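**Q** Below is the structure I would like to discuss, written out as structure tokens.
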Amino acid sequence: MTVNINELIERRAEIKRETEQLNNRLKDLKAAQDEIDLALLKKMDAEGLSRTANGDYSVSINEDTVPEVEDWDALYNHVISTRDFSLIQRRISSTAYKELLKLGEGVPGLSPRTIRKINFRSL
């Protein structure tokens, strides 16, 4: 069975439409879940509860401490002076790297890798 390019494009468009519909539905469901979670937090706080349950489900409040950067310069100075690079997540900015490549500059430890993919748009 041979499939021509037009059939592949049409099938790709159909999948793209279905994906967009599902993503929109997922976005709505996540927003509704966030609203319910906020209401649960408020109710549980008001009643002094950290966990509760009904006959089928249990709910508990989990707290976590996460960093919020207030001064990037101070943070970078600290990391450099203590050499505690574990505070920084290891991810290279593709945009900044591509700009350096355009300027003809290399970065030690990095090499360019080309990723090929299909770009698909409605006309």
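If you're wondering about the labels, chains in the structure tokens are A, B, ... by order shown, residues count from 1 in each chain, ligands from 1 in order shown.
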Give me, as number ranges by chain, the residues of chain A that a backbone DSSP run labels helix (DSSP H, G or I).
**A** A: 5-46, 72-82, 85-87, 94-102
**Q** Just write the chosen residues, C-alpha atoms, as an mmCIF file, in the first residue's frame.
**A**
```cif
data_model
loop_
_atom_site.group_PDB
_atom_site.id
_atom_site.type_symbol
_atom_site.label_atom_id
_atom_site.label_comp_id
_atom_site.auth_asym_id
_atom_site.auth_seq_id
_atom_site.Cartn_x
_atom_site.Cartn_y
_atom_site.Cartn_z
ATOM 1 C CA ILE A 5 2.436 13.017 0.109
ATOM 2 C CA ASN A 6 -1.001 14.650 0.005
ATOM 3 C CA GLU A 7 -2.511 11.778 2.018
ATOM 4 C CA LEU A 8 0.295 12.040 4.559
ATOM 5 C CA ILE A 9 -0.245 15.813 4.868
ATOM 6 C CA GLU A 10 -4.003 15.362 5.319
ATOM 7 C CA ARG A 11 -3.469 12.674 7.980
ATOM 8 C CA ARG A 12 -0.941 14.944 9.716
ATOM 9 C CA ALA A 13 -3.487 17.792 9.698
ATOM 10 C CA GLU A 14 -6.135 15.522 11.177
ATOM 11 C CA ILE A 15 -3.818 14.415 13.977
ATOM 12 C CA LYS A 16 -2.825 18.043 14.615
ATOM 13 C CA ARG A 17 -6.507 19.064 14.958
ATOM 14 C CA GLU A 18 -7.207 16.179 17.329
ATOM 15 C CA THR A 19 -4.120 17.017 19.389
ATOM 16 C CA GLU A 20 -5.147 20.679 19.670
ATOM 17 C CA GLN A 21 -8.649 19.669 20.791
ATOM 18 C CA LEU A 22 -7.236 17.302 23.405
ATOM 19 C CA ASN A 23 -4.718 19.902 24.606
ATOM 20 C CA ASN A 24 -7.517 22.481 24.970
ATOM 21 C CA ARG A 25 -9.582 19.964 26.939
ATOM 22 C CA LEU A 26 -6.571 19.090 29.086
ATOM 23 C CA LYS A 27 -5.929 22.802 29.753
ATOM 24 C CA ASP A 28 -9.551 23.217 30.883
ATOM 25 C CA LEU A 29 -9.356 20.146 33.129
ATOM 26 C CA LYS A 30 -6.092 21.329 34.704
ATOM 27 C CA ALA A 31 -7.614 24.761 35.386
ATOM 28 C CA ALA A 32 -10.651 23.134 37.019
ATOM 29 C CA GLN A 33 -8.370 20.907 39.100
ATOM 30 C CA ASP A 34 -6.320 23.926 40.212
ATOM 31 C CA GLU A 35 -9.510 25.705 41.312
ATOM 32 C CA ILE A 36 -10.615 22.688 43.338
ATOM 33 C CA ASP A 37 -7.143 22.305 44.874
ATOM 34 C CA LEU A 38 -7.183 25.962 45.923
ATOM 35 C CA ALA A 39 -10.639 25.542 47.457
ATOM 36 C CA LEU A 40 -9.457 22.419 49.296
ATOM 37 C CA LEU A 41 -6.387 24.243 50.631
ATOM 38 C CA LYS A 42 -8.516 27.125 51.890
ATOM 39 C CA LYS A 43 -11.117 24.848 53.504
ATOM 40 C CA MET A 44 -8.545 22.569 55.090
ATOM 41 C CA ASP A 45 -6.546 25.551 56.403
ATOM 42 C CA ALA A 46 -9.720 27.100 57.815
ATOM 43 C CA TRP A 72 20.934 36.702 40.009
ATOM 44 C CA ASP A 73 24.254 38.530 40.355
ATOM 45 C CA ALA A 74 24.489 37.680 44.059
ATOM 46 C CA LEU A 75 23.592 34.055 43.323
ATOM 47 C CA TYR A 76 26.183 33.724 40.540
ATOM 48 C CA ASN A 77 28.857 35.355 42.733
ATOM 49 C CA HIS A 78 28.038 32.847 45.488
ATOM 50 C CA VAL A 79 28.181 29.886 43.097
ATOM 51 C CA ILE A 80 31.503 31.034 41.658
ATOM 52 C CA SER A 81 33.096 31.788 45.032
ATOM 53 C CA THR A 82 31.945 28.524 46.647
ATOM 54 C CA PHE A 85 27.498 24.428 40.919
ATOM 55 C CA SER A 86 24.935 21.961 42.280
ATOM 56 C CA LEU A 87 22.679 24.993 42.832
ATOM 57 C CA SER A 94 20.042 27.126 22.678
ATOM 58 C CA THR A 95 19.294 30.735 21.757
ATOM 59 C CA ALA A 96 22.476 32.110 23.339
ATOM 60 C CA TYR A 97 24.566 29.280 21.856
ATOM 61 C CA LYS A 98 23.207 29.872 18.339
ATOM 62 C CA GLU A 99 24.018 33.588 18.680
ATOM 63 C CA LEU A 100 27.614 32.766 19.616
ATOM 64 C CA LEU A 101 27.875 30.399 16.643
ATOM 65 C CA LYS A 102 26.601 33.155 14.334
#
```
